[in-house]
Amino acid sequence: MGVPSDDAVLIQKGNKQGEPHVITVNCPDKHGLGCDICHIILDFGLYITKGDVSTDGIWCYMVFWVVPHSSSPVVRWPSLKNRLQSLCPSCSVTFYLNDQPSNSPATPVYLLKFFCLDRKGLLHDVTQVLCELELTIQRVKVTTTPDGRVLDLFFITDNMELLHTEERQHHLCKQLDAVLGDSCISCKLRLAGPEYDCHHGISSLSPAVAEELFLFVLSDKETRSQALSSDMTKLKKANVVVDNSLSPAHTLLQIHCVDHKSLFYDILRTLKDCNIKIAFGRFSPNSKGYRDLDLFIQQKDGKKFVDPEKQNGLCSRLKVEMLHPLRVIIANRGPDTELLVANPVELSGKGRPRVFYDVTLALKALGICIFSVSNHFSTENDLKSINRL
């Protein structure tokens, strides 16, 4: 017998506007479940104001207080609940006897190709439609012609796994037509072919730029391209303290750093990829732009972190991921300006939620025209993805 679906995930709406909604997950535990849940919450355009996580290694209980991000006015709550429930393992005996995930077939990739008249903000408007329909953008190729027309190639996957149906395809075309209007010359959707594999690699990047994007330990030089903020001294302040005195079985990890919307996810993603188990975690509310986190953790073998070298390595890794969740470079390439954005990808292959959405939104808000886009993957050090605009 499995967990009743209504009990595994509960969503309690806020009583009034601006009040946080509460998401409760109560189900069997598995490695990285908290990270996966945060990924979906962020993918729906929600901001985690605080959270509590606890597990005994068999069963977990998580509570997240969330509010819609200002750039995401529409939240499909029933769909969010369904997506979260799909992550929850069954509590059947079979799950405990064989908790290793089976090799499921690869999700089909579709090619959305449209040719239309160009305008400011077009790329973000299309991206917003895809996000609201729960379609994940895997790769993008945008080319603008001298006569003001644009050819967009979106390689997408469907989180609802319904894009093969005529009803789902018709709904997508209808939503795109509302955005493109009479400017659309042609719009086609089909399963991606060999052209999907042709967009690998980062050969167009110079060695110096590639090194700066993918370097694990960033330099403190103020001349570095990442130092875009005038308040980098404040942003670089992050404290990570390791304490083995409070628990006989777990190491306490205390974190204090500047807040950003994906902070909790970045920390859980790092711990997941390092095979670190979390027994209890508390994500405190924002206080004057900073966050405090308390995490009781163990190594993969169930032991505490007592080796100073391992402690220092973990602290350094967390600081990099918290303080530099994205790598951004603005470079001149002839008469054009090039914006390069590199973001972390989990070992499982999942990219950071809504990076392309946020980048295109920022450029639209600034009134910056985009005439060319390419999106690639790299396996240098940690897996990274690059959006080149």
# chains A, B, ... in the order shown; residues from 1 in each chain; ligands from 1

call {"tool": "residues_around", "arguments": {"residues": "A:Ile23", "least_positions_apart": "2", "cutoff": "9 Å", "atoms": "only C-alpha atoms", "output": "CSV table (one decimal) with all heavy atoms, in the first residue's frame"}}
result
chain,number,residue,atom,x,y,z
A,9,VAL,N,1.5,15.3,-0.1
A,9,VAL,CA,1.8,16.7,-0.3
A,9,VAL,C,0.5,17.5,0.0
A,9,VAL,O,-0.5,17.2,-0.5
A,9,VAL,CB,2.2,16.9,-1.8
A,9,VAL,CG1,2.4,18.4,-2.0
A,9,VAL,CG2,3.5,16.2,-2.1
A,10,LEU,N,0.7,18.5,0.9
A,10,LEU,CA,-0.4,19.4,1.2
A,10,LEU,C,0.0,20.8,1.0
A,10,LEU,O,1.1,21.2,1.3
A,10,LEU,CB,-0.8,19.2,2.7
A,10,LEU,CG,-1.3,17.8,3.1
A,10,LEU,CD1,-1.6,17.8,4.7
A,10,LEU,CD2,-2.6,17.5,2.4
A,11,ILE,N,-0.9,21.6,0.3
A,11,ILE,CA,-0.6,23.0,0.1
A,11,ILE,C,-1.7,23.8,0.7
A,11,ILE,O,-2.9,23.7,0.4
A,11,ILE,CB,-0.6,23.3,-1.4
A,11,ILE,CG1,0.6,22.5,-2.1
A,11,ILE,CG2,-0.4,24.8,-1.7
A,11,ILE,CD1,0.7,22.7,-3.6
A,12,GLN,N,-1.3,24.6,1.7
A,12,GLN,CA,-2.2,25.5,2.4
A,12,GLN,C,-2.0,26.9,1.9
A,12,GLN,O,-1.0,27.5,2.1
A,12,GLN,CB,-2.0,25.4,3.9
A,12,GLN,CG,-3.0,26.3,4.7
A,12,GLN,CD,-2.7,26.2,6.2
A,12,GLN,OE1,-2.0,25.3,6.7
A,12,GLN,NE2,-3.3,27.1,7.0
A,13,LYS,N,-3.0,27.5,1.2
A,13,LYS,CA,-3.0,28.8,0.7
A,13,LYS,C,-3.0,29.9,1.8
A,13,LYS,O,-3.6,29.7,2.9
A,13,LYS,CB,-4.1,29.1,-0.2
A,13,LYS,CG,-4.2,28.2,-1.4
A,13,LYS,CD,-3.2,28.5,-2.5
A,13,LYS,CE,-3.5,27.7,-3.8
A,13,LYS,NZ,-4.7,28.1,-4.4
A,21,HIS,N,2.2,30.9,1.4
A,21,HIS,CA,1.6,29.6,1.3
A,21,HIS,C,2.5,28.6,1.9
A,21,HIS,O,3.7,28.7,1.8
A,21,HIS,CB,1.3,29.3,-0.2
A,21,HIS,CG,0.6,30.4,-0.9
A,21,HIS,ND1,-0.7,30.8,-0.8
A,21,HIS,CD2,1.1,31.3,-1.9
A,21,HIS,CE1,-1.0,31.8,-1.6
A,21,HIS,NE2,0.1,32.2,-2.2
A,25,VAL,N,5.4,18.3,2.9
A,25,VAL,CA,5.6,17.0,2.2
A,25,VAL,C,5.9,16.0,3.3
A,25,VAL,O,6.8,16.2,4.2
A,25,VAL,CB,6.9,17.1,1.3
A,25,VAL,CG1,7.1,15.7,0.6
A,25,VAL,CG2,6.6,18.2,0.2
A,62,MET,N,8.8,17.6,5.6
A,62,MET,CA,9.4,18.9,5.1
A,62,MET,C,8.2,19.9,5.1
A,62,MET,O,7.1,19.6,4.6
A,62,MET,CB,10.0,18.8,3.7
A,62,MET,CG,11.0,17.7,3.6
A,62,MET,SD,11.8,17.7,2.0
A,62,MET,CE,12.6,16.0,2.0
A,63,VAL,N,8.5,21.2,5.5
A,63,VAL,CA,7.6,22.3,5.4
A,63,VAL,C,8.3,23.5,4.7
A,63,VAL,O,9.4,23.9,5.2
A,63,VAL,CB,7.0,22.7,6.8
A,63,VAL,CG1,6.0,23.7,6.6
A,63,VAL,CG2,6.5,21.4,7.5
A,64,PHE,N,7.7,24.0,3.7
A,64,PHE,CA,8.2,25.2,3.0
A,64,PHE,C,7.2,26.3,3.0
A,64,PHE,O,6.0,26.1,2.6
A,64,PHE,CB,8.6,24.8,1.6
A,64,PHE,CG,9.7,23.8,1.5
A,64,PHE,CD1,9.3,22.4,1.3
A,64,PHE,CD2,11.0,24.1,1.6
A,64,PHE,CE1,10.3,21.4,1.2
A,64,PHE,CE2,12.0,23.1,1.5
A,64,PHE,CZ,11.6,21.8,1.3
A,65,TRP,N,7.6,27.5,3.4
A,65,TRP,CA,6.7,28.7,3.3
A,65,TRP,C,7.2,29.4,2.0
A,65,TRP,O,8.3,29.8,1.8
A,65,TRP,CB,6.9,29.6,4.5
A,65,TRP,CG,6.3,29.0,5.7
A,65,TRP,CD1,5.1,29.4,6.3
A,65,TRP,CD2,6.8,28.1,6.6
A,65,TRP,NE1,4.8,28.7,7.4
A,65,TRP,CE2,5.9,27.9,7.7
A,65,TRP,CE3,8.0,27.3,6.7
A,65,TRP,CZ2,6.1,27.0,8.7
A,65,TRP,CZ3,8.2,26.4,7.7
A,65,TRP,CH2,7.2,26.2,8.7
A,66,VAL,N,6.2,29.6,1.1
A,66,VAL,CA,6.6,30.2,-0.2
A,66,VAL,C,5.7,31.3,-0.6
A,66,VAL,O,4.5,31.4,-0.1
A,66,VAL,CB,6.5,29.1,-1.3
A,66,VAL,CG1,7.4,27.9,-1.0
A,66,VAL,CG2,5.1,28.6,-1.5
A,81,LYS,N,1.2,20.6,-7.1
A,81,LYS,CA,1.0,19.5,-6.2
A,81,LYS,C,1.2,18.1,-6.9
A,81,LYS,O,1.9,17.2,-6.3
A,81,LYS,CB,-0.4,19.5,-5.6
A,81,LYS,CG,-0.7,18.4,-4.6
A,81,LYS,CD,-2.1,18.6,-4.0
A,81,LYS,CE,-2.4,17.5,-3.0
A,81,LYS,NZ,-3.7,17.6,-2.3

call {"tool": "residues_around", "arguments": {"residues": "A:Thr360", "least_positions_apart": "6", "cutoff": "12 Å", "atoms": "only C-alpha atoms", "output": "ChimeraX atom specification"}}
result
/A:71,120-128,339,341,354,366-370,373,387-389

call {"tool": "write_last_selection", "arguments": {"atoms": "C-alpha atoms", "output": "mmCIF file, in the first residue's frame"}}
result
data_model
loop_
_atom_site.group_PDB
_atom_site.id
_atom_site.type_symbol
_atom_site.label_atom_id
_atom_site.label_comp_id
_atom_site.auth_asym_id
_atom_site.auth_seq_id
_atom_site.Cartn_x
_atom_site.Cartn_y
_atom_site.Cartn_z
ATOM 1 C CA SER A 71 7.938 37.993 -12.182
ATOM 2 C CA LYS A 120 12.009 43.834 -28.112
ATOM 3 C CA GLY A 121 11.052 41.311 -25.432
ATOM 4 C CA LEU A 122 9.935 38.643 -27.901
ATOM 5 C CA LEU A 123 12.313 35.982 -26.596
ATOM 6 C CA HIS A 124 11.180 36.419 -23.004
ATOM 7 C CA ASP A 125 7.506 36.422 -23.947
ATOM 8 C CA VAL A 126 7.916 33.065 -25.676
ATOM 9 C CA THR A 127 9.997 31.748 -22.772
ATOM 10 C CA GLN A 128 7.268 32.793 -20.333
ATOM 11 C CA LEU A 339 26.608 38.277 -22.431
ATOM 12 C CA VAL A 341 25.892 33.224 -18.244
ATOM 13 C CA ARG A 354 14.505 29.379 -14.677
ATOM 14 C CA LEU A 366 16.456 46.977 -19.634
ATOM 15 C CA GLY A 367 15.212 47.379 -23.192
ATOM 16 C CA ILE A 368 18.180 45.446 -24.613
ATOM 17 C CA CYS A 369 17.707 43.797 -28.004
ATOM 18 C CA ILE A 370 18.816 40.181 -28.446
ATOM 19 C CA VAL A 373 21.415 33.176 -28.734
ATOM 20 C CA ASN A 387 23.577 30.905 -22.290
ATOM 21 C CA ARG A 388 25.199 33.181 -24.854
ATOM 22 C CA LEU A 389 23.249 36.235 -25.873
#

call {"tool": "residues_around", "arguments": {"residues": "A:Ile40", "least_positions_apart": "6", "cutoff": "12 Å", "atoms": "only C-alpha atoms", "output": "number ranges by chain"}}
result
A: 23, 33-34, 46-48, 77, 79-87, 131, 134, 136, 159, 262, 265, 350-354

call {"tool": "select_by_dssp", "arguments": {"residues": "stretch 232-282 of chain A", "states": "alpha helix (DSSP H)", "output": "PDB file with C-alpha atoms, in the first residue's frame"}}
result
ATOM      1  CA  MET A 232      30.839  43.008  -3.614  1.00  0.00           C
ATOM      2  CA  THR A 233      32.422  43.380  -0.182  1.00  0.00           C
ATOM      3  CA  LYS A 234      29.031  42.716   1.377  1.00  0.00           C
ATOM      4  CA  LEU A 235      28.175  39.941  -1.067  1.00  0.00           C
ATOM      5  CA  LEU A 263      19.809  29.932  -1.847  1.00  0.00           C
ATOM      6  CA  PHE A 264      18.211  26.923  -0.137  1.00  0.00           C
ATOM      7  CA  TYR A 265      18.266  24.978  -3.404  1.00  0.00           C
ATOM      8  CA  ASP A 266      21.942  25.809  -4.022  1.00  0.00           C
ATOM      9  CA  ILE A 267      22.898  24.483  -0.591  1.00  0.00           C
ATOM     10  CA  LEU A 268      20.820  21.312  -0.866  1.00  0.00           C
ATOM     11  CA  ARG A 269      22.082  20.711  -4.409  1.00  0.00           C
ATOM     12  CA  THR A 270      25.680  20.929  -3.222  1.00  0.00           C
ATOM     13  CA  LEU A 271      25.075  18.517  -0.352  1.00  0.00           C
ATOM     14  CA  LYS A 272      23.183  16.123  -2.635  1.00  0.00           C
ATOM     15  CA  ASP A 273      25.989  16.004  -5.208  1.00  0.00           C
TER      16      ASP A 273
END

call {"tool": "closest_residue", "arguments": {"among": "A:Asp292, A:Glu346, A:Pro146, A:Leu189", "to": "A:Phe114", "atoms": "only C-alpha atoms"}}
result
A:Leu189

call {"tool": "residues_around", "arguments": {"residues": "A:His250", "least_positions_apart": "2", "cutoff": "7 Å", "atoms": "only C-alpha atoms", "output": "PDB file with C-alpha atoms, in the first residue's frame"}}
result
ATOM      1  CA  SER A 247      25.271  15.924  18.608  1.00  0.00           C
ATOM      2  CA  PRO A 248      26.898  12.524  19.139  1.00  0.00           C
ATOM      3  CA  LEU A 252      26.085  20.780  12.792  1.00  0.00           C
ATOM      4  CA  PHE A 296      22.647  18.466  11.003  1.00  0.00           C
ATOM      5  CA  ILE A 297      24.511  16.302   8.505  1.00  0.00           C
ATOM      6  CA  GLN A 298      26.403  13.022   8.083  1.00  0.00           C
ATOM      7  CA  LYS A 304      30.392  12.843  11.313  1.00  0.00           C
TER       8      LYS A 304
END

call {"tool": "select_by_dssp", "arguments": {"residues": "stretch 71-168 of chain A", "states": "strand (DSSP E or B)", "output": "MDAnalysis selection string"}}
result
chainID A and resid 110:117 135:144 149:158

call {"tool": "write_last_selection", "arguments": {"atoms": "N, CA and C atoms", "output": "PDB file, in the first residue's frame"}}
result
ATOM      1  N   TYR A 110      11.453  17.724 -28.064  1.00  0.00           N
ATOM      2  CA  TYR A 110      10.736  18.273 -29.208  1.00  0.00           C
ATOM      3  C   TYR A 110      11.429  19.547 -29.691  1.00  0.00           C
ATOM      4  N   LEU A 111      11.300  19.784 -30.984  1.00  0.00           N
ATOM      5  CA  LEU A 111      11.838  21.002 -31.582  1.00  0.00           C
ATOM      6  C   LEU A 111      10.684  21.940 -31.922  1.00  0.00           C
ATOM      7  N   LEU A 112      10.678  23.096 -31.267  1.00  0.00           N
ATOM      8  CA  LEU A 112       9.731  24.156 -31.577  1.00  0.00           C
ATOM      9  C   LEU A 112      10.466  25.180 -32.437  1.00  0.00           C
ATOM     10  N   LYS A 113       9.992  25.355 -33.644  1.00  0.00           N
ATOM     11  CA  LYS A 113      10.674  26.215 -34.611  1.00  0.00           C
ATOM     12  C   LYS A 113       9.686  27.248 -35.133  1.00  0.00           C
ATOM     13  N   PHE A 114      10.018  28.521 -34.944  1.00  0.00           N
ATOM     14  CA  PHE A 114       9.146  29.542 -35.505  1.00  0.00           C
ATOM     15  C   PHE A 114       9.963  30.678 -36.120  1.00  0.00           C
ATOM     16  N   PHE A 115       9.361  31.261 -37.131  1.00  0.00           N
ATOM     17  CA  PHE A 115       9.977  32.340 -37.904  1.00  0.00           C
ATOM     18  C   PHE A 115       9.009  33.516 -37.873  1.00  0.00           C
ATOM     19  N   CYS A 116       9.473  34.685 -37.391  1.00  0.00           N
ATOM     20  CA  CYS A 116       8.554  35.808 -37.238  1.00  0.00           C
ATOM     21  C   CYS A 116       9.303  37.129 -37.284  1.00  0.00           C
ATOM     22  N   LEU A 117       8.539  38.208 -37.270  1.00  0.00           N
ATOM     23  CA  LEU A 117       9.131  39.537 -37.192  1.00  0.00           C
ATOM     24  C   LEU A 117       9.671  39.762 -35.786  1.00  0.00           C
ATOM     25  N   LEU A 135       6.877  23.445 -19.767  1.00  0.00           N
ATOM     26  CA  LEU A 135       7.782  22.922 -20.784  1.00  0.00           C
ATOM     27  C   LEU A 135       9.193  23.392 -20.442  1.00  0.00           C
ATOM     28  N   THR A 136      10.120  22.469 -20.359  1.00  0.00           N
ATOM     29  CA  THR A 136      11.493  22.792 -19.991  1.00  0.00           C
ATOM     30  C   THR A 136      12.324  23.040 -21.234  1.00  0.00           C
ATOM     31  N   ILE A 137      13.020  24.170 -21.251  1.00  0.00           N
ATOM     32  CA  ILE A 137      13.891  24.513 -22.376  1.00  0.00           C
ATOM     33  C   ILE A 137      15.243  23.834 -22.173  1.00  0.00           C
ATOM     34  N   GLN A 138      15.588  22.936 -23.070  1.00  0.00           N
ATOM     35  CA  GLN A 138      16.868  22.235 -22.991  1.00  0.00           C
ATOM     36  C   GLN A 138      17.972  22.995 -23.721  1.00  0.00           C
ATOM     37  N   ARG A 139      17.660  23.477 -24.902  1.00  0.00           N
ATOM     38  CA  ARG A 139      18.620  24.265 -25.680  1.00  0.00           C
ATOM     39  C   ARG A 139      17.869  25.279 -26.516  1.00  0.00           C
ATOM     40  N   VAL A 140      18.567  26.341 -26.884  1.00  0.00           N
ATOM     41  CA  VAL A 140      17.975  27.421 -27.672  1.00  0.00           C
ATOM     42  C   VAL A 140      18.971  27.862 -28.735  1.00  0.00           C
ATOM     43  N   LYS A 141      18.454  28.170 -29.911  1.00  0.00           N
ATOM     44  CA  LYS A 141      19.253  28.773 -30.967  1.00  0.00           C
ATOM     45  C   LYS A 141      18.413  29.866 -31.609  1.00  0.00           C
ATOM     46  N   VAL A 142      18.891  31.100 -31.534  1.00  0.00           N
ATOM     47  CA  VAL A 142      18.166  32.245 -32.075  1.00  0.00           C
ATOM     48  C   VAL A 142      19.059  32.955 -33.086  1.00  0.00           C
ATOM     49  N   THR A 143      18.493  33.228 -34.257  1.00  0.00           N
ATOM     50  CA  THR A 143      19.223  33.945 -35.305  1.00  0.00           C
ATOM     51  C   THR A 143      18.341  35.045 -35.856  1.00  0.00           C
ATOM     52  N   THR A 144      18.863  36.264 -35.899  1.00  0.00           N
ATOM     53  CA  THR A 144      18.130  37.413 -36.425  1.00  0.00           C
ATOM     54  C   THR A 144      18.698  37.776 -37.792  1.00  0.00           C
ATOM     55  N   ARG A 149      13.840  39.988 -39.118  1.00  0.00           N
ATOM     56  CA  ARG A 149      13.107  38.763 -38.834  1.00  0.00           C
ATOM     57  C   ARG A 149      13.963  37.857 -37.962  1.00  0.00           C
ATOM     58  N   VAL A 150      13.327  36.939 -37.264  1.00  0.00           N
ATOM     59  CA  VAL A 150      14.059  36.085 -36.336  1.00  0.00           C
ATOM     60  C   VAL A 150      13.626  34.634 -36.502  1.00  0.00           C
ATOM     61  N   LEU A 151      14.610  33.751 -36.467  1.00  0.00           N
ATOM     62  CA  LEU A 151      14.367  32.305 -36.507  1.00  0.00           C
ATOM     63  C   LEU A 151      14.762  31.733 -35.162  1.00  0.00           C
ATOM     64  N   ASP A 152      13.790  31.175 -34.445  1.00  0.00           N
ATOM     65  CA  ASP A 152      14.020  30.635 -33.106  1.00  0.00           C
ATOM     66  C   ASP A 152      13.861  29.126 -33.118  1.00  0.00           C
ATOM     67  N   LEU A 153      14.852  28.449 -32.536  1.00  0.00           N
ATOM     68  CA  LEU A 153      14.775  27.000 -32.349  1.00  0.00           C
ATOM     69  C   LEU A 153      14.794  26.714 -30.847  1.00  0.00           C
ATOM     70  N   PHE A 154      13.724  26.157 -30.327  1.00  0.00           N
ATOM     71  CA  PHE A 154      13.637  25.771 -28.925  1.00  0.00           C
ATOM     72  C   PHE A 154      13.571  24.249 -28.845  1.00  0.00           C
ATOM     73  N   PHE A 155      14.555  23.642 -28.190  1.00  0.00           N
ATOM     74  CA  PHE A 155      14.506  22.204 -27.908  1.00  0.00           C
ATOM     75  C   PHE A 155      13.910  22.040 -26.511  1.00  0.00           C
ATOM     76  N   ILE A 156      12.745  21.439 -26.440  1.00  0.00           N
ATOM     77  CA  ILE A 156      11.984  21.424 -25.189  1.00  0.00           C
ATOM     78  C   ILE A 156      11.558  20.012 -24.803  1.00  0.00           C
ATOM     79  N   THR A 157      11.326  19.822 -23.503  1.00  0.00           N
ATOM     80  CA  THR A 157      10.726  18.598 -22.983  1.00  0.00           C
ATOM     81  C   THR A 157       9.496  18.982 -22.171  1.00  0.00           C
ATOM     82  N   ASP A 158       8.570  18.049 -22.063  1.00  0.00           N
ATOM     83  CA  ASP A 158       7.294  18.313 -21.400  1.00  0.00           C
ATOM     84  C   ASP A 158       7.281  17.653 -20.027  1.00  0.00           C
TER      85      ASP A 158
END

call {"tool": "decode", "arguments": {"residues": "stretch 31-55 of chain A", "atoms": "N, CA, C and O atoms", "output": "PDB file, in the first residue's frame"}}
result
ATOM      1  N   HIS A  31      17.619   9.881  -1.026  1.00  0.00           N
ATOM      2  CA  HIS A  31      18.724  10.828  -1.109  1.00  0.00           C
ATOM      3  C   HIS A  31      18.402  11.953  -2.086  1.00  0.00           C
ATOM      4  O   HIS A  31      17.983  11.721  -3.215  1.00  0.00           O
ATOM      5  N   GLY A  32      18.573  13.189  -1.630  1.00  0.00           N
ATOM      6  CA  GLY A  32      18.384  14.345  -2.495  1.00  0.00           C
ATOM      7  C   GLY A  32      16.946  14.774  -2.682  1.00  0.00           C
ATOM      8  O   GLY A  32      16.670  15.660  -3.501  1.00  0.00           O
ATOM      9  N   LEU A  33      16.010  14.209  -1.912  1.00  0.00           N
ATOM     10  CA  LEU A  33      14.601  14.548  -2.097  1.00  0.00           C
ATOM     11  C   LEU A  33      14.337  16.028  -1.822  1.00  0.00           C
ATOM     12  O   LEU A  33      13.581  16.684  -2.553  1.00  0.00           O
ATOM     13  N   GLY A  34      14.936  16.585  -0.775  1.00  0.00           N
ATOM     14  CA  GLY A  34      14.739  17.993  -0.454  1.00  0.00           C
ATOM     15  C   GLY A  34      15.202  18.899  -1.588  1.00  0.00           C
ATOM     16  O   GLY A  34      14.538  19.887  -1.920  1.00  0.00           O
ATOM     17  N   CYS A  35      16.332  18.562  -2.206  1.00  0.00           N
ATOM     18  CA  CYS A  35      16.846  19.325  -3.334  1.00  0.00           C
ATOM     19  C   CYS A  35      15.875  19.266  -4.504  1.00  0.00           C
ATOM     20  O   CYS A  35      15.566  20.293  -5.136  1.00  0.00           O
ATOM     21  N   ASP A  36      15.365  18.071  -4.790  1.00  0.00           N
ATOM     22  CA  ASP A  36      14.440  17.897  -5.915  1.00  0.00           C
ATOM     23  C   ASP A  36      13.145  18.667  -5.688  1.00  0.00           C
ATOM     24  O   ASP A  36      12.576  19.238  -6.629  1.00  0.00           O
ATOM     25  N   ILE A  37      12.667  18.692  -4.452  1.00  0.00           N
ATOM     26  CA  ILE A  37      11.446  19.436  -4.140  1.00  0.00           C
ATOM     27  C   ILE A  37      11.672  20.935  -4.324  1.00  0.00           C
ATOM     28  O   ILE A  37      10.843  21.641  -4.908  1.00  0.00           O
ATOM     29  N   CYS A  38      12.805  21.434  -3.834  1.00  0.00           N
ATOM     30  CA  CYS A  38      13.115  22.860  -4.006  1.00  0.00           C
ATOM     31  C   CYS A  38      13.224  23.219  -5.483  1.00  0.00           C
ATOM     32  O   CYS A  38      12.808  24.311  -5.901  1.00  0.00           O
ATOM     33  N   HIS A  39      13.771  22.317  -6.286  1.00  0.00           N
ATOM     34  CA  HIS A  39      13.914  22.560  -7.719  1.00  0.00           C
ATOM     35  C   HIS A  39      12.544  22.797  -8.357  1.00  0.00           C
ATOM     36  O   HIS A  39      12.357  23.742  -9.141  1.00  0.00           O
ATOM     37  N   ILE A  40      11.579  21.968  -8.031  1.00  0.00           N
ATOM     38  CA  ILE A  40      10.238  22.117  -8.607  1.00  0.00           C
ATOM     39  C   ILE A  40       9.561  23.376  -8.087  1.00  0.00           C
ATOM     40  O   ILE A  40       8.907  24.108  -8.838  1.00  0.00           O
ATOM     41  N   ILE A  41       9.703  23.648  -6.786  1.00  0.00           N
ATOM     42  CA  ILE A  41       9.104  24.861  -6.218  1.00  0.00           C
ATOM     43  C   ILE A  41       9.623  26.103  -6.942  1.00  0.00           C
ATOM     44  O   ILE A  41       8.853  26.995  -7.319  1.00  0.00           O
ATOM     45  N   LEU A  42      10.924  26.168  -7.181  1.00  0.00           N
ATOM     46  CA  LEU A  42      11.505  27.306  -7.883  1.00  0.00           C
ATOM     47  C   LEU A  42      11.079  27.334  -9.339  1.00  0.00           C
ATOM     48  O   LEU A  42      10.895  28.405  -9.926  1.00  0.00           O
ATOM     49  N   ASP A  43      10.904  26.154  -9.933  1.00  0.00           N
ATOM     50  CA  ASP A  43      10.515  26.065 -11.339  1.00  0.00           C
ATOM     51  C   ASP A  43       9.112  26.608 -11.561  1.00  0.00           C
ATOM     52  O   ASP A  43       8.748  26.961 -12.689  1.00  0.00           O
ATOM     53  N   PHE A  44       8.312  26.661 -10.509  1.00  0.00           N
ATOM     54  CA  PHE A  44       6.969  27.220 -10.603  1.00  0.00           C
ATOM     55  C   PHE A  44       6.946  28.710 -10.245  1.00  0.00           C
ATOM     56  O   PHE A  44       5.878  29.283 -10.045  1.00  0.00           O
ATOM     57  N   GLY A  45       8.123  29.319 -10.157  1.00  0.00           N
ATOM     58  CA  GLY A  45       8.185  30.750  -9.920  1.00  0.00           C
ATOM     59  C   GLY A  45       7.909  31.158  -8.495  1.00  0.00           C
ATOM     60  O   GLY A  45       7.444  32.280  -8.244  1.00  0.00           O
ATOM     61  N   LEU A  46       8.210  30.276  -7.539  1.00  0.00           N
ATOM     62  CA  LEU A  46       7.963  30.570  -6.128  1.00  0.00           C
ATOM     63  C   LEU A  46       9.271  30.860  -5.404  1.00  0.00           C
ATOM     64  O   LEU A  46      10.326  30.306  -5.734  1.00  0.00           O
ATOM     65  N   TYR A  47       9.182  31.683  -4.390  1.00  0.00           N
ATOM     66  CA  TYR A  47      10.325  32.061  -3.560  1.00  0.00           C
ATOM     67  C   TYR A  47      10.128  31.449  -2.171  1.00  0.00           C
ATOM     68  O   TYR A  47       9.066  31.594  -1.562  1.00  0.00           O
ATOM     69  N   ILE A  48      11.130  30.730  -1.686  1.00  0.00           N
ATOM     70  CA  ILE A  48      11.045  30.063  -0.386  1.00  0.00           C
ATOM     71  C   ILE A  48      11.444  31.053   0.704  1.00  0.00           C
ATOM     72  O   ILE A  48      12.597  31.487   0.778  1.00  0.00           O
ATOM     73  N   THR A  49      10.485  31.428   1.554  1.00  0.00           N
ATOM     74  CA  THR A  49      10.774  32.396   2.613  1.00  0.00           C
ATOM     75  C   THR A  49      11.405  31.732   3.825  1.00  0.00           C
ATOM     76  O   THR A  49      12.218  32.334   4.520  1.00  0.00           O
ATOM     77  N   LYS A  50      11.013  30.498   4.127  1.00  0.00           N
ATOM     78  CA  LYS A  50      11.659  29.722   5.192  1.00  0.00           C
ATOM     79  C   LYS A  50      11.290  28.258   5.021  1.00  0.00           C
ATOM     80  O   LYS A  50      10.381  27.923   4.257  1.00  0.00           O
ATOM     81  N   GLY A  51      12.002  27.373   5.746  1.00  0.00           N
ATOM     82  CA  GLY A  51      11.728  25.951   5.604  1.00  0.00           C
ATOM     83  C   GLY A  51      12.281  25.132   6.749  1.00  0.00           C
ATOM     84  O   GLY A  51      13.243  25.538   7.418  1.00  0.00           O
ATOM     85  N   ASP A  52      11.646  23.982   6.962  1.00  0.00           N
ATOM     86  CA  ASP A  52      12.093  23.004   7.947  1.00  0.00           C
ATOM     87  C   ASP A  52      12.125  21.630   7.290  1.00  0.00           C
ATOM     88  O   ASP A  52      11.180  21.249   6.581  1.00  0.00           O
ATOM     89  N   VAL A  53      13.207  20.895   7.538  1.00  0.00           N
ATOM     90  CA  VAL A  53      13.376  19.560   6.976  1.00  0.00           C
ATOM     91  C   VAL A  53      13.856  18.625   8.069  1.00  0.00           C
ATOM     92  O   VAL A  53      14.798  18.956   8.808  1.00  0.00           O
ATOM     93  N   SER A  54      13.228  17.459   8.195  1.00  0.00           N
ATOM     94  CA  SER A  54      13.695  16.466   9.173  1.00  0.00           C
ATOM     95  C   SER A  54      13.451  15.072   8.623  1.00  0.00           C
ATOM     96  O   SER A  54      12.483  14.836   7.889  1.00  0.00           O
ATOM     97  N   THR A  55      14.347  14.144   8.957  1.00  0.00           N
ATOM     98  CA  THR A  55      14.228  12.768   8.505  1.00  0.00           C
ATOM     99  C   THR A  55      14.978  11.847   9.455  1.00  0.00           C
ATOM    100  O   THR A  55      15.968  12.249  10.081  1.00  0.00           O
TER     101      THR A  55
END
